[in-house]
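A.B. asks: You'll find work_14.cif just under this line, and it carries mmCIF, C-alpha atoms and all ligand atoms.
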```
data_upload
#
loop_
_atom_site.label_atom_id
_atom_site.label_comp_id
_atom_site.auth_asym_id
_atom_site.auth_seq_id
_atom_site.Cartn_x
_atom_site.Cartn_y
_atom_site.Cartn_z
CA MET A 225 -51.76 108.80 73.42
CA LEU A 226 -52.52 111.38 70.71
CA ARG A 227 -53.56 109.56 67.53
CA LEU A 228 -53.56 110.76 63.96
CA HIS A 229 -56.81 110.73 61.99
CA PRO A 230 -57.00 108.51 58.84
CA TYR A 231 -55.67 110.22 55.69
CA ILE A 232 -54.20 109.32 52.31
CA TYR A 233 -50.49 110.09 51.87
CA HIS A 234 -49.44 110.99 48.31
CA ARG A 235 -45.80 111.05 47.21
CA PRO A 236 -45.75 112.78 43.79
CA ALA A 237 -42.51 112.69 41.80
CA ASP A 238 -42.65 116.22 40.39
CA LEU A 239 -44.17 119.64 41.00
CA ASP A 240 -46.87 119.32 38.31
CA ALA A 241 -48.12 116.08 39.85
CA ALA A 242 -48.12 117.69 43.32
CA LEU A 243 -50.11 120.70 42.08
CA GLU A 244 -52.58 118.41 40.31
CA LEU A 245 -53.16 116.48 43.55
CA LEU A 246 -53.53 119.68 45.58
CA ASP A 247 -56.04 120.99 43.04
CA ARG A 248 -58.00 117.73 42.82
CA HIS A 249 -58.46 117.53 46.60
CA ALA A 250 -58.76 121.28 47.27
CA GLY A 251 -60.34 121.97 50.65
CA ASP A 252 -59.34 118.58 52.03
CA VAL A 253 -55.60 118.54 51.42
CA LEU A 254 -52.38 120.09 52.71
CA PRO A 255 -48.79 119.89 51.48
CA ILE A 256 -46.33 118.34 53.93
CA ALA A 257 -42.57 118.96 53.95
CA GLY A 258 -40.65 117.89 57.09
CA GLY A 259 -43.90 117.48 59.03
CA THR A 260 -42.33 118.87 62.22
CA ASP A 261 -45.16 121.37 62.67
CA LEU A 262 -48.00 119.81 60.70
CA VAL A 263 -47.90 116.35 62.33
CA PRO A 264 -48.11 117.66 65.94
CA ASN A 265 -50.91 119.97 64.80
CA MET A 266 -52.78 117.03 63.26
CA LYS A 267 -52.38 115.08 66.49
CA HIS A 268 -54.00 118.03 68.26
CA LYS A 269 -56.82 117.91 65.62
CA LEU A 270 -56.02 121.46 64.54
CA PHE A 271 -55.89 120.19 60.95
CA THR A 272 -57.57 116.99 59.77
CA PRO A 273 -57.02 116.86 55.99
CA GLY A 274 -58.14 113.72 54.17
CA HIS A 275 -55.05 113.94 51.93
CA LEU A 276 -51.41 114.94 52.44
CA VAL A 277 -49.15 115.71 49.50
CA ALA A 278 -45.47 115.10 50.33
CA LEU A 279 -43.02 117.62 48.89
CA SER A 280 -39.87 115.64 49.70
CA ARG A 281 -39.40 114.10 46.23
CA LEU A 282 -39.79 117.31 44.24
CA ASP A 283 -36.47 118.28 42.63
CA GLU A 284 -37.94 121.70 41.81
CA LEU A 285 -37.88 122.50 45.56
CA LYS A 286 -34.24 121.51 46.06
CA GLY A 287 -30.88 123.26 45.76
CA ILE A 288 -28.97 126.20 47.19
CA GLU A 289 -27.14 128.19 44.54
CA VAL A 290 -26.15 131.66 43.35
CA VAL A 291 -27.95 132.56 40.11
CA ASP A 292 -27.90 136.05 38.49
CA GLN A 293 -26.76 137.90 41.60
CA ARG A 294 -29.38 136.10 43.71
CA LEU A 295 -29.24 133.24 46.14
CA ARG A 296 -31.88 130.67 45.27
CA VAL A 297 -32.82 128.42 48.18
CA GLY A 298 -35.20 125.55 47.38
CA ALA A 299 -38.18 125.42 49.74
CA ALA A 300 -37.55 121.75 50.62
CA GLU A 301 -33.99 122.40 51.79
CA SER A 302 -33.65 121.55 55.46
CA LEU A 303 -32.81 124.17 58.06
CA HIS A 304 -29.74 122.09 58.91
CA ALA A 305 -28.49 122.13 55.30
CA ILE A 306 -29.06 125.88 54.97
CA SER A 307 -27.35 126.74 58.26
CA GLY A 308 -24.11 125.05 57.16
CA HIS A 309 -24.08 125.85 53.43
CA PRO A 310 -20.96 127.80 52.34
CA ALA A 311 -22.91 130.24 50.11
CA ILE A 312 -25.34 131.04 52.94
CA LEU A 313 -22.50 131.50 55.44
CA GLU A 314 -20.63 133.73 53.00
CA HIS A 315 -23.46 135.96 51.80
CA VAL A 316 -26.27 135.86 54.38
CA PRO A 317 -24.84 134.64 57.71
CA ALA A 318 -27.89 135.95 59.63
CA LEU A 319 -30.04 133.39 57.79
CA ALA A 320 -27.63 130.63 58.83
CA THR A 321 -27.92 131.82 62.44
CA ALA A 322 -31.73 131.94 62.31
CA CYS A 323 -31.91 128.41 60.84
CA SER A 324 -29.43 127.09 63.42
CA GLU A 325 -31.55 128.47 66.28
CA VAL A 326 -34.83 126.80 65.27
CA SER A 327 -35.95 124.09 67.70
CA SER A 328 -33.46 121.18 68.01
CA PRO A 329 -30.92 119.30 65.81
CA GLN A 330 -33.39 116.50 65.00
CA LEU A 331 -36.14 118.91 63.94
CA ARG A 332 -33.73 121.05 61.93
CA ARG A 333 -32.74 118.01 59.88
CA MET A 334 -36.39 117.29 59.04
CA GLY A 335 -37.78 120.86 59.06
CA THR A 336 -37.53 122.88 55.85
CA ILE A 337 -37.36 126.57 55.07
CA GLY A 338 -40.64 126.32 53.10
CA GLY A 339 -42.38 124.84 56.15
CA ASN A 340 -40.83 127.52 58.34
CA ILE A 341 -42.15 130.31 56.13
CA CYS A 342 -45.59 128.64 55.97
CA LEU A 343 -45.63 127.86 59.71
CA ASP A 344 -49.07 128.08 61.31
CA THR A 345 -49.46 130.86 63.89
CA ARG A 346 -49.31 129.79 67.53
CA CYS A 347 -51.25 130.65 70.69
CA THR A 348 -51.45 129.44 74.28
CA TYR A 349 -55.13 128.68 73.77
CA TYR A 350 -54.73 126.97 70.38
CA ASN A 351 -51.67 124.67 70.47
CA GLN A 352 -53.36 122.28 72.84
CA THR A 353 -55.08 118.93 72.63
CA LEU A 354 -58.69 118.64 71.46
CA PHE A 355 -59.69 117.75 75.04
CA TRP A 356 -58.01 120.90 76.42
CA ARG A 357 -59.52 123.20 73.79
CA LYS A 358 -62.96 121.66 74.14
CA ALA A 359 -62.89 122.20 77.92
CA LEU A 360 -62.25 125.90 77.30
CA GLY A 361 -65.01 126.22 74.67
CA TYR A 362 -62.60 126.40 71.68
CA CYS A 363 -61.70 129.74 70.05
CA LEU A 364 -62.03 131.73 66.80
CA LYS A 365 -59.03 130.09 65.16
CA LYS A 366 -60.50 126.61 65.42
CA ASP A 367 -64.06 125.47 66.09
CA GLY A 368 -65.10 128.37 68.38
CA GLU A 369 -66.50 131.89 68.38
CA ILE A 370 -64.47 133.76 70.99
CA CYS A 371 -60.90 134.87 71.51
CA HIS A 372 -59.31 134.22 74.90
CA VAL A 373 -56.43 136.64 74.25
CA VAL A 374 -58.56 139.66 73.31
CA PRO A 375 -61.91 139.22 75.11
CA GLY A 376 -64.66 140.49 72.79
CA GLY A 377 -62.19 140.50 69.91
CA THR A 378 -63.39 139.46 66.47
CA ARG A 379 -59.99 138.66 64.97
CA CYS A 380 -57.47 136.01 65.85
CA VAL A 381 -54.11 137.46 66.92
CA ALA A 382 -52.16 134.20 67.31
CA ALA A 383 -48.40 134.75 67.16
CA HIS A 384 -46.29 134.39 64.05
CA SER A 385 -43.55 132.17 65.49
CA ALA A 386 -41.13 131.38 62.68
CA ASP A 387 -37.51 132.48 62.83
CA THR A 388 -36.49 132.84 59.19
CA PRO A 389 -39.08 135.34 57.83
CA PRO A 390 -37.74 138.40 59.73
CA VAL A 391 -34.25 137.72 58.30
CA LEU A 392 -35.67 137.27 54.81
CA MET A 393 -37.59 140.55 55.16
CA SER A 394 -34.50 142.43 56.31
CA LEU A 395 -32.67 141.11 53.21
CA ASP A 396 -35.48 142.07 50.77
CA ALA A 397 -36.01 138.41 49.81
CA SER A 398 -38.96 137.14 47.79
CA VAL A 399 -40.72 133.81 47.45
CA GLU A 400 -41.63 131.86 44.32
CA ILE A 401 -45.10 130.32 44.61
CA ALA A 402 -46.57 127.78 42.19
CA GLY A 403 -50.22 126.89 41.64
CA THR A 404 -52.16 125.31 38.81
CA ALA A 405 -52.67 128.84 37.41
CA GLY A 406 -48.91 129.38 37.15
CA VAL A 407 -45.97 130.76 39.07
CA ARG A 408 -45.86 134.08 40.90
CA THR A 409 -43.27 135.92 42.96
CA LEU A 410 -44.01 137.87 46.10
CA PRO A 411 -41.70 139.89 48.37
CA VAL A 412 -41.57 138.22 51.81
CA SER A 413 -42.57 141.60 53.26
CA ASN A 414 -45.91 141.31 51.36
CA LEU A 415 -46.47 137.61 52.04
CA PHE A 416 -48.04 137.89 55.49
CA THR A 417 -51.36 139.33 56.68
CA SER A 418 -52.64 140.22 60.15
CA ASP A 419 -55.20 137.38 60.11
CA GLY A 420 -53.99 134.93 62.77
CA ILE A 421 -56.20 132.16 61.37
CA TRP A 422 -54.38 131.96 58.00
CA ASN A 423 -51.68 134.62 57.90
CA ARG A 424 -50.19 134.23 54.44
CA ARG A 425 -51.25 135.32 50.97
CA MET A 426 -51.13 131.76 49.66
CA GLU A 427 -53.93 129.32 48.99
CA SER A 428 -53.73 125.91 50.69
CA ASN A 429 -53.32 124.30 47.24
CA GLU A 430 -50.30 126.41 46.30
CA VAL A 431 -46.68 125.38 46.83
CA LEU A 432 -43.81 127.59 47.91
CA VAL A 433 -41.06 126.54 45.50
CA ALA A 434 -38.05 128.67 46.44
CA VAL A 435 -36.75 131.71 48.23
CA HIS A 436 -34.76 134.31 46.28
CA ILE A 437 -32.36 136.57 48.18
CA PRO A 438 -30.55 139.39 46.36
CA LEU A 439 -26.80 139.05 46.96
CA PRO A 440 -25.99 141.67 49.59
CA GLU A 441 -23.84 144.55 48.32
CA PRO A 442 -20.48 145.13 49.99
CA GLY A 443 -20.89 146.98 53.29
CA LEU A 444 -24.12 145.26 54.33
CA ARG A 445 -23.83 143.77 57.81
CA MET A 446 -26.50 141.70 59.48
CA SER A 447 -27.55 140.14 62.75
CA PHE A 448 -30.25 137.79 64.04
CA GLN A 449 -31.31 137.74 67.69
CA LYS A 450 -33.79 135.46 69.41
CA LEU A 451 -35.41 135.46 72.83
CA ARG A 452 -36.52 132.08 74.16
CA PRO A 453 -36.76 130.41 77.56
CA ARG A 454 -34.02 127.85 76.85
CA ALA A 455 -31.16 127.87 74.38
CA SER A 456 -32.73 124.99 72.46
CA ILE A 457 -36.12 123.60 71.33
CA ASP A 458 -38.17 126.67 72.24
CA PHE A 459 -40.18 128.76 69.82
CA PRO A 460 -39.26 132.47 69.86
CA LEU A 461 -40.74 134.79 72.46
CA LEU A 462 -39.32 137.53 70.22
CA ASN A 463 -36.98 137.50 67.28
CA LEU A 464 -35.20 140.30 65.49
CA ALA A 465 -33.29 140.64 62.24
CA VAL A 466 -31.22 143.71 61.41
CA ALA A 467 -29.42 144.57 58.17
CA ALA A 468 -27.30 147.73 58.16
CA ARG A 469 -25.26 149.23 55.35
CA MET A 470 -22.16 151.12 56.46
CA ASP A 471 -19.89 153.36 54.36
CA ASP A 472 -16.08 153.33 54.45
CA GLU A 473 -16.07 155.76 57.36
CA GLY A 474 -18.34 153.56 59.47
CA LEU A 475 -21.44 155.74 59.04
CA VAL A 476 -24.79 153.99 58.65
CA THR A 477 -26.30 154.60 55.22
CA GLU A 478 -29.26 152.21 55.50
CA LEU A 479 -30.92 150.29 58.33
CA ARG A 480 -33.57 147.59 57.98
CA MET A 481 -35.09 145.93 61.00
CA ALA A 482 -37.78 143.22 61.17
CA MET A 483 -39.26 141.56 64.21
CA SER A 484 -41.67 138.76 64.96
CA ALA A 485 -43.55 136.80 67.66
CA LEU A 486 -45.34 140.04 68.57
CA GLY A 487 -48.57 139.48 66.63
CA SER A 488 -49.79 137.43 63.70
CA TYR A 489 -47.19 138.51 61.16
CA PRO A 490 -43.53 139.54 61.08
CA ARG A 491 -43.20 143.28 60.63
CA ARG A 492 -40.62 145.87 59.65
CA VAL A 493 -39.77 148.17 62.55
CA GLY A 494 -40.17 151.67 61.09
CA LYS A 495 -38.56 155.03 61.89
CA VAL A 496 -35.33 153.44 63.16
CA GLU A 497 -33.42 154.83 60.18
CA GLU A 498 -33.99 158.40 61.38
CA ALA A 499 -31.95 157.73 64.49
CA ALA A 500 -29.13 155.89 62.74
CA VAL A 501 -28.54 157.02 59.16
CA GLY A 502 -25.60 159.40 58.81
CA ASN A 503 -24.22 158.40 62.21
CA PRO A 504 -21.66 155.86 63.44
CA LEU A 505 -23.07 153.14 65.70
CA THR A 506 -22.01 154.78 68.98
CA PRO A 507 -23.68 153.75 72.28
CA SER A 508 -25.97 156.81 72.19
CA VAL A 509 -27.09 156.13 68.60
CA ILE A 510 -27.71 152.48 69.48
CA ASP A 511 -29.77 153.58 72.50
CA ALA A 512 -31.83 155.93 70.34
CA VAL A 513 -32.61 153.13 67.86
CA ALA A 514 -33.45 150.73 70.71
CA GLU A 515 -35.81 153.29 72.25
CA GLN A 516 -37.55 153.83 68.90
CA ALA A 517 -38.07 150.05 68.52
CA PHE A 518 -39.39 149.80 72.10
CA ARG A 519 -42.01 152.48 71.39
CA GLN A 520 -43.32 150.53 68.39
CA CYS A 521 -43.39 146.96 69.70
CA HIS A 522 -46.24 145.72 71.87
CA PRO A 523 -46.29 141.94 72.43
CA LEU A 524 -49.69 140.33 73.03
CA GLU A 525 -50.75 137.70 75.54
CA ASN A 526 -50.84 135.04 72.83
CA ILE A 527 -47.64 133.55 74.32
CA ILE A 528 -47.71 132.50 77.94
CA VAL A 529 -44.81 134.68 79.07
CA ASP A 530 -45.19 138.09 80.73
CA THR A 531 -45.82 140.71 78.04
CA ASP A 532 -44.12 143.54 79.97
CA TRP A 533 -40.95 141.50 80.23
CA ARG A 534 -41.10 140.57 76.55
CA ARG A 535 -41.52 144.26 75.65
CA ALA A 536 -38.65 145.23 77.95
CA MET A 537 -36.48 142.76 76.01
CA VAL A 538 -37.10 144.52 72.66
CA PRO A 539 -34.43 147.20 73.23
CA VAL A 540 -32.11 144.56 74.69
CA LEU A 541 -32.26 142.54 71.45
CA VAL A 542 -31.82 145.70 69.36
CA ARG A 543 -28.72 146.71 71.33
CA ARG A 544 -27.25 143.20 71.00
CA ALA A 545 -27.83 143.24 67.23
CA LEU A 546 -26.38 146.71 66.66
CA LYS A 547 -23.35 146.04 68.86
CA GLU A 548 -22.67 142.88 66.85
CA ILE A 549 -22.98 144.87 63.62
CA ALA A 550 -20.75 147.68 64.95
CA ALA A 551 -18.10 145.17 65.94
C1 LIG A 601 -40.73 121.28 69.73
C2 LIG A 601 -40.72 122.18 68.52
C3 LIG A 601 -39.97 123.34 68.58
C4 LIG A 601 -39.96 124.20 67.48
N1 LIG A 601 -39.23 125.35 67.56
C5 LIG A 601 -39.22 126.24 66.52
C6 LIG A 601 -38.49 127.44 66.61
O1 LIG A 601 -37.79 127.72 67.58
N2 LIG A 601 -38.55 128.31 65.56
C7 LIG A 601 -39.28 128.04 64.44
O2 LIG A 601 -39.29 128.87 63.52
N3 LIG A 601 -39.99 126.88 64.34
C8 LIG A 601 -39.97 125.97 65.33
N4 LIG A 601 -40.67 124.80 65.24
C9 LIG A 601 -41.55 124.56 64.08
C10 LIG A 601 -40.94 123.75 62.92
O3 LIG A 601 -40.15 122.68 63.37
C11 LIG A 601 -40.12 124.60 61.96
O4 LIG A 601 -40.75 125.85 61.74
C12 LIG A 601 -39.90 123.91 60.61
O5 LIG A 601 -39.09 124.71 59.78
C13 LIG A 601 -41.19 123.59 59.86
O6 LIG A 601 -40.83 122.99 58.61
P1 LIG A 601 -41.45 121.60 58.12
O7 LIG A 601 -40.80 121.30 56.83
O8 LIG A 601 -41.35 120.56 59.18
O9 LIG A 601 -42.98 122.04 57.94
P2 LIG A 601 -44.27 121.10 57.91
O10 LIG A 601 -44.62 120.71 59.31
O11 LIG A 601 -44.13 120.03 56.91
O12 LIG A 601 -45.34 122.16 57.37
C14 LIG A 601 -45.70 123.30 58.11
C15 LIG A 601 -46.81 124.03 57.33
O13 LIG A 601 -46.30 124.56 56.13
C16 LIG A 601 -46.95 123.99 54.99
N5 LIG A 601 -45.89 123.81 54.01
C17 LIG A 601 -44.70 123.18 54.22
N6 LIG A 601 -43.92 123.33 53.12
C18 LIG A 601 -44.63 124.03 52.23
C19 LIG A 601 -44.36 124.49 50.91
N7 LIG A 601 -43.17 124.29 50.30
N8 LIG A 601 -45.35 125.17 50.25
C20 LIG A 601 -46.54 125.39 50.87
N9 LIG A 601 -46.84 125.00 52.11
C21 LIG A 601 -45.90 124.33 52.78
C22 LIG A 601 -47.63 122.74 55.46
O14 LIG A 601 -48.80 122.47 54.72
C23 LIG A 601 -47.96 123.12 56.91
O15 LIG A 601 -49.14 123.86 56.93
C24 LIG A 601 -40.69 123.89 66.31
C25 LIG A 601 -41.44 122.70 66.27
C26 LIG A 601 -41.45 121.85 67.36
C27 LIG A 601 -42.24 120.60 67.28
S1 LIG A 602 -55.53 134.68 69.50
FE1 LIG A 602 -57.61 134.22 70.21
S2 LIG A 602 -58.64 133.29 68.45
FE2 LIG A 602 -56.45 133.28 68.03
S3 LIG A 602 -55.75 131.26 68.69
FE3 LIG A 602 -55.47 132.64 70.44
S4 LIG A 602 -57.36 132.50 71.61
FE4 LIG A 602 -57.75 131.60 69.62
#
```
Once more with this new file: its structure as structure tokens, please.
C.D. replies:
Amino acid sequence: MLRLHPYIYHRPADLDAALELLDRHAGDVLPIAGGTDLVPNMKHKLFTPGHLVALSRLDELKGIEVVDQRLRVGAAESLHAISGHPAILEHVPALATACSEVSSPQLRRMGTIGGNICLDTRCTYYNQTLFWRKALGYCLKKDGEICHVVPGGTRCVAAHSADTPPVLMSLDASVEIAGTAGVRTLPVSNLFTSDGIWNRRMESNEVLVAVHIPLPEPGLRMSFQKLRPRASIDFPLLNLAVAARMDDEGLVTELRMAMSALGSYPRRVGKVEEAAVGNPLTPSVIDAVAEQAFRQCHPLENIIVDTDWRRAMVPVLVRRALKEIAA
């Protein structure tokens, strides 16, 4: 049986109290939302904080509403609540799809969008028990000095494995982050770094309060696609979000594409606009965009599924997304 280490569980009633606790125990504390990722990771001894600060009672992190031409989604809203919310379904259906394809119904009811955005990176050699990792001599991300994915490598390249960030990037969303020094806002496209050990520009004593998504203008169509071994439970082997603006004649005027599960951070797929803008989404234009995405995407061996096959699936996902948008 995998046991949890001893820790103190705090349940503050408001954001100020949570931030004060996170500041007081800095270095030995983590916030916990649904716990669907953090608790298994603690059982694997990947994190052993002496204190957990629960975010579930914080009203500041709740609510899904349209304010000033933006959708504000509280970080503690569950993936289940977001996937079925009328405002999300009306304005940003791709986000509803991404939330509805995370793990399983039980985990989506507990798991939150804040926890999804702050999800720890994953790797075949890291998401294992202490016994397993010790037998292999550990690795750079936790307790060791080598990388098993990139032999001789000096940087961790564990996979960013969350489903909502690519959608949020394709929709130009931003996140509101609170710390004892105040509140700041960061575009989701600037939130992540290539450091697989801690891949977000947030301190461990900061709290993600909400996500802000500009209301899409008329003509913006979107799609979310996910590759996984089974149609439930599994983390993404690849995921893709596309947002395309079309004019009245069906010509593409803007194309934004973001992908993840390739490396340590979700990334915008560049140069795809050149193949699409000014054109209708005909099969040949779709093929040209898919080929451009294929050239840019190189999955790593951080996920235990054949990398050539995962790469070959990049244009397949792009075609599926663009056909959905064209339809
Ligand atoms: C079997 C299984 C399958 C899964 N499949 C998928 C999948 O397909 N796709 C996917 O994206 N995820 C998947 N997950 C991961 C997880 O369930 C979801 O990502 C979920 O949204 C995490 O949210 P949470 O509230 O449970 O996060 P928690 O576990 O509570 O926290 C995760 C991390 O985020 C931090 N954190 C949480 N909220 C905040 C906040 N507001 N501010 C700052 N830091 C915060 C925590 O400190 C922790 O480090 C899976 C998990 C399991 C166990
Ligand atoms: S990419 Fe390398 S360092 Fe990072 S978790 Fe995997 S094996 Fe460890």
A.B. asks: Enumerate, as number ranges by chain, the protein, DNA and RNA residues whose atoms approach (-42.7, 140.0, 46.8) to within 10 Å, taking into account all atoms listed in the file and the coordinate frame of the file.
C.D. replies: A: 393, 396-400, 408-415, 436
A.B. asks: With all atoms listed in the file counted, collect every polymer residue having an atom within 6 Å of ligand LIG 602 (chain A); state the result as a list in words.
C.D. replies: Cys347, Tyr349, Tyr350, Cys363, Leu364, Lys365, Cys371, His372, Val373, Cys380, Val381, Ala382 and Asn526 of chain A
A.B. asks: Give me the residues near region 264-271 of chain A as a ChimeraX atom specification, where near means some atom within 10 Å (using all atoms listed in the file) and where sequence neighbours in that chain fewer than 3 positions away do not count.
C.D. replies: /A:225-229,252-254,259-261,274,344,350-357,365-367
A.B. asks: Can you measure CA of Gly443 (chain A) to CA of Cys323 (chain A) for me? One decimal in Å is fine.
C.D. replies: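 Taking CA of Gly443 (chain A) and CA of Cys323 (chain A), their separation equals 22.9 Å.
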A.B. asks: Any idea what the distance is between CA of Pro236 (chain A) and CA of Ala257 (chain A)?
C.D. replies: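 One can read the CA of Pro236 (chain A) to CA of Ala257 (chain A) distance as 12.3 Å.
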A.B. asks: Which residues are near ligand LIG 601 (chain A) - at most 7 Å, using only C-alpha atoms and all ligand atoms? Format: as a PDB file with C-alpha atoms, in the coordinates of the input.
C.D. replies:
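Output (out_34.pdb):
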```
ATOM      1  CA  LEU A 254     -52.380 120.090  52.710  1.00  0.00           C
ATOM      2  CA  PRO A 255     -48.790 119.890  51.480  1.00  0.00           C
ATOM      3  CA  ILE A 256     -46.330 118.340  53.930  1.00  0.00           C
ATOM      4  CA  ALA A 257     -42.570 118.960  53.950  1.00  0.00           C
ATOM      5  CA  GLY A 258     -40.650 117.890  57.090  1.00  0.00           C
ATOM      6  CA  GLY A 259     -43.900 117.480  59.030  1.00  0.00           C
ATOM      7  CA  THR A 260     -42.330 118.870  62.220  1.00  0.00           C
ATOM      8  CA  ASP A 261     -45.160 121.370  62.670  1.00  0.00           C
ATOM      9  CA  LEU A 262     -48.000 119.810  60.700  1.00  0.00           C
ATOM     10  CA  VAL A 263     -47.900 116.350  62.330  1.00  0.00           C
ATOM     11  CA  PRO A 264     -48.110 117.660  65.940  1.00  0.00           C
ATOM     12  CA  LEU A 279     -43.020 117.620  48.890  1.00  0.00           C
ATOM     13  CA  ALA A 299     -38.180 125.420  49.740  1.00  0.00           C
ATOM     14  CA  ALA A 300     -37.550 121.750  50.620  1.00  0.00           C
ATOM     15  CA  LEU A 303     -32.810 124.170  58.060  1.00  0.00           C
ATOM     16  CA  GLU A 325     -31.550 128.470  66.280  1.00  0.00           C
ATOM     17  CA  VAL A 326     -34.830 126.800  65.270  1.00  0.00           C
ATOM     18  CA  SER A 327     -35.950 124.090  67.700  1.00  0.00           C
ATOM     19  CA  SER A 328     -33.460 121.180  68.010  1.00  0.00           C
ATOM     20  CA  LEU A 331     -36.140 118.910  63.940  1.00  0.00           C
ATOM     21  CA  ARG A 332     -33.730 121.050  61.930  1.00  0.00           C
ATOM     22  CA  MET A 334     -36.390 117.290  59.040  1.00  0.00           C
ATOM     23  CA  GLY A 335     -37.780 120.860  59.060  1.00  0.00           C
ATOM     24  CA  THR A 336     -37.530 122.880  55.850  1.00  0.00           C
ATOM     25  CA  ILE A 337     -37.360 126.570  55.070  1.00  0.00           C
ATOM     26  CA  GLY A 338     -40.640 126.320  53.100  1.00  0.00           C
ATOM     27  CA  GLY A 339     -42.380 124.840  56.150  1.00  0.00           C
ATOM     28  CA  ASN A 340     -40.830 127.520  58.340  1.00  0.00           C
ATOM     29  CA  CYS A 342     -45.590 128.640  55.970  1.00  0.00           C
ATOM     30  CA  LEU A 343     -45.630 127.860  59.710  1.00  0.00           C
ATOM     31  CA  ASP A 344     -49.070 128.080  61.310  1.00  0.00           C
ATOM     32  CA  SER A 385     -43.550 132.170  65.490  1.00  0.00           C
ATOM     33  CA  ALA A 386     -41.130 131.380  62.680  1.00  0.00           C
ATOM     34  CA  ASP A 387     -37.510 132.480  62.830  1.00  0.00           C
ATOM     35  CA  THR A 388     -36.490 132.840  59.190  1.00  0.00           C
ATOM     36  CA  GLU A 430     -50.300 126.410  46.300  1.00  0.00           C
ATOM     37  CA  VAL A 431     -46.680 125.380  46.830  1.00  0.00           C
ATOM     38  CA  LEU A 432     -43.810 127.590  47.910  1.00  0.00           C
ATOM     39  CA  VAL A 433     -41.060 126.540  45.500  1.00  0.00           C
ATOM     40  CA  ILE A 457     -36.120 123.600  71.330  1.00  0.00           C
ATOM     41  CA  ASP A 458     -38.170 126.670  72.240  1.00  0.00           C
ATOM     42  CA  PHE A 459     -40.180 128.760  69.820  1.00  0.00           C
ATOM     43  CA  PRO A 460     -39.260 132.470  69.860  1.00  0.00           C
TER      44      PRO A 460
END
```
A.B. asks: Which one of A:Pro375, A:Phe518, A:Ile288, A:His309 sits closest to Trp533 (chain A) if you count all atoms listed in the file?
C.D. replies: A:Phe518
A.B. asks: What lies within 12 Å of Glu498 (chain A) using all atoms listed in the file, ignoring chain neighbours under 6 positions off, as a ChimeraX atom specification?
C.D. replies: /A:476-480,509-510,512-513,516-517
A.B. asks: Can you write out the residues you just picked, keeping C-alpha atoms, as a compact mmCIF listing (two decimals), keeping the file's coordinate frame?
C.D. replies:
```txt
# COMPACT_ATOMS: atom_id res chain seq x y z
CA VAL A 476 -24.79 153.99 58.65
CA THR A 477 -26.30 154.60 55.22
CA GLU A 478 -29.26 152.21 55.50
CA LEU A 479 -30.92 150.29 58.33
CA ARG A 480 -33.57 147.59 57.98
CA VAL A 509 -27.09 156.13 68.60
CA ILE A 510 -27.71 152.48 69.48
CA ALA A 512 -31.83 155.93 70.34
CA VAL A 513 -32.61 153.13 67.86
CA GLN A 516 -37.55 153.83 68.90
CA ALA A 517 -38.07 150.05 68.52
```
A.B. asks: Have a look at A:Leu295, A:Val496, A:Ile527, A:Ala514 and name the one nearest to Pro539 (chain A); count only C-alpha atoms.
C.D. replies: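 Once distances to Pro539 (chain A) are computed over only C-alpha atoms, the minimum belongs to A:Ala514.
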A.B. asks: Between CA of Val277 (chain A) and CA of Asp238 (chain A), what is the spacing in Å?
C.D. replies: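 CA of Val277 (chain A) lies 11.2 Å from CA of Asp238 (chain A).
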A.B. asks: Point out the residue among A:His304, A:Arg296, A:Arg248, A:His275 with the least atom-to-atom distance to His234 (chain A), counting only C-alpha atoms.
C.D. replies: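 Answer, going by the shortest atom-to-atom distance: A:His275.
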A.B. asks: Smallest atom-to-atom distance to Glu289 (chain A): which of A:Ala311, A:Val316, A:Ile306, A:Val538, using all atoms listed in the file?
C.D. replies: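 Checking each of A:Ala311, A:Val316, A:Ile306, A:Val538 against Glu289 (chain A), counting all atoms listed in the file, the winner is A:Ala311.
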A.B. asks: Taking all atoms listed in the file into account, name the residue in A:Pro273, A:Gly287, A:Pro523, A:Gly377 that is nearest to Gly487 (chain A).
C.D. replies: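 Smallest separation from Gly487 (chain A) among the options: A:Pro523.
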A.B. asks: So, counting all atoms listed in the file, which residue among A:Ile401, A:Ile370, A:Val291, A:Leu464 is closest to Asn429 (chain A)?
C.D. replies: A:Ile401
A.B. asks: Which residues are near Val466 (chain A)? Cut-off 8 Å, only C-alpha atoms, ignore same chain within fewer than 4 positions. Put them as a ChimeraX atom specification.
C.D. replies: /A:391,394,446-448,479-482,545-546
A.B. asks: Would you mind putting N, CA and C atoms back on region 512-516 of chain A and writing the result as a compact mmCIF listing (two decimals), in the frame of the given file?
C.D. replies:
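Generated file (selection-v5.txt):
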```
# COMPACT_ATOMS: atom_id res chain seq x y z
N ALA A 512 -30.73 155.22 70.99
CA ALA A 512 -31.83 155.93 70.34
C ALA A 512 -32.63 154.98 69.44
N VAL A 513 -31.92 154.11 68.72
CA VAL A 513 -32.61 153.13 67.86
C VAL A 513 -33.40 152.15 68.72
N ALA A 514 -32.78 151.70 69.82
CA ALA A 514 -33.45 150.73 70.71
C ALA A 514 -34.72 151.34 71.30
N GLU A 515 -34.65 152.61 71.67
CA GLU A 515 -35.81 153.29 72.25
C GLU A 515 -36.93 153.42 71.21
N GLN A 516 -36.55 153.72 69.97
CA GLN A 516 -37.55 153.83 68.90
C GLN A 516 -38.25 152.48 68.68
```
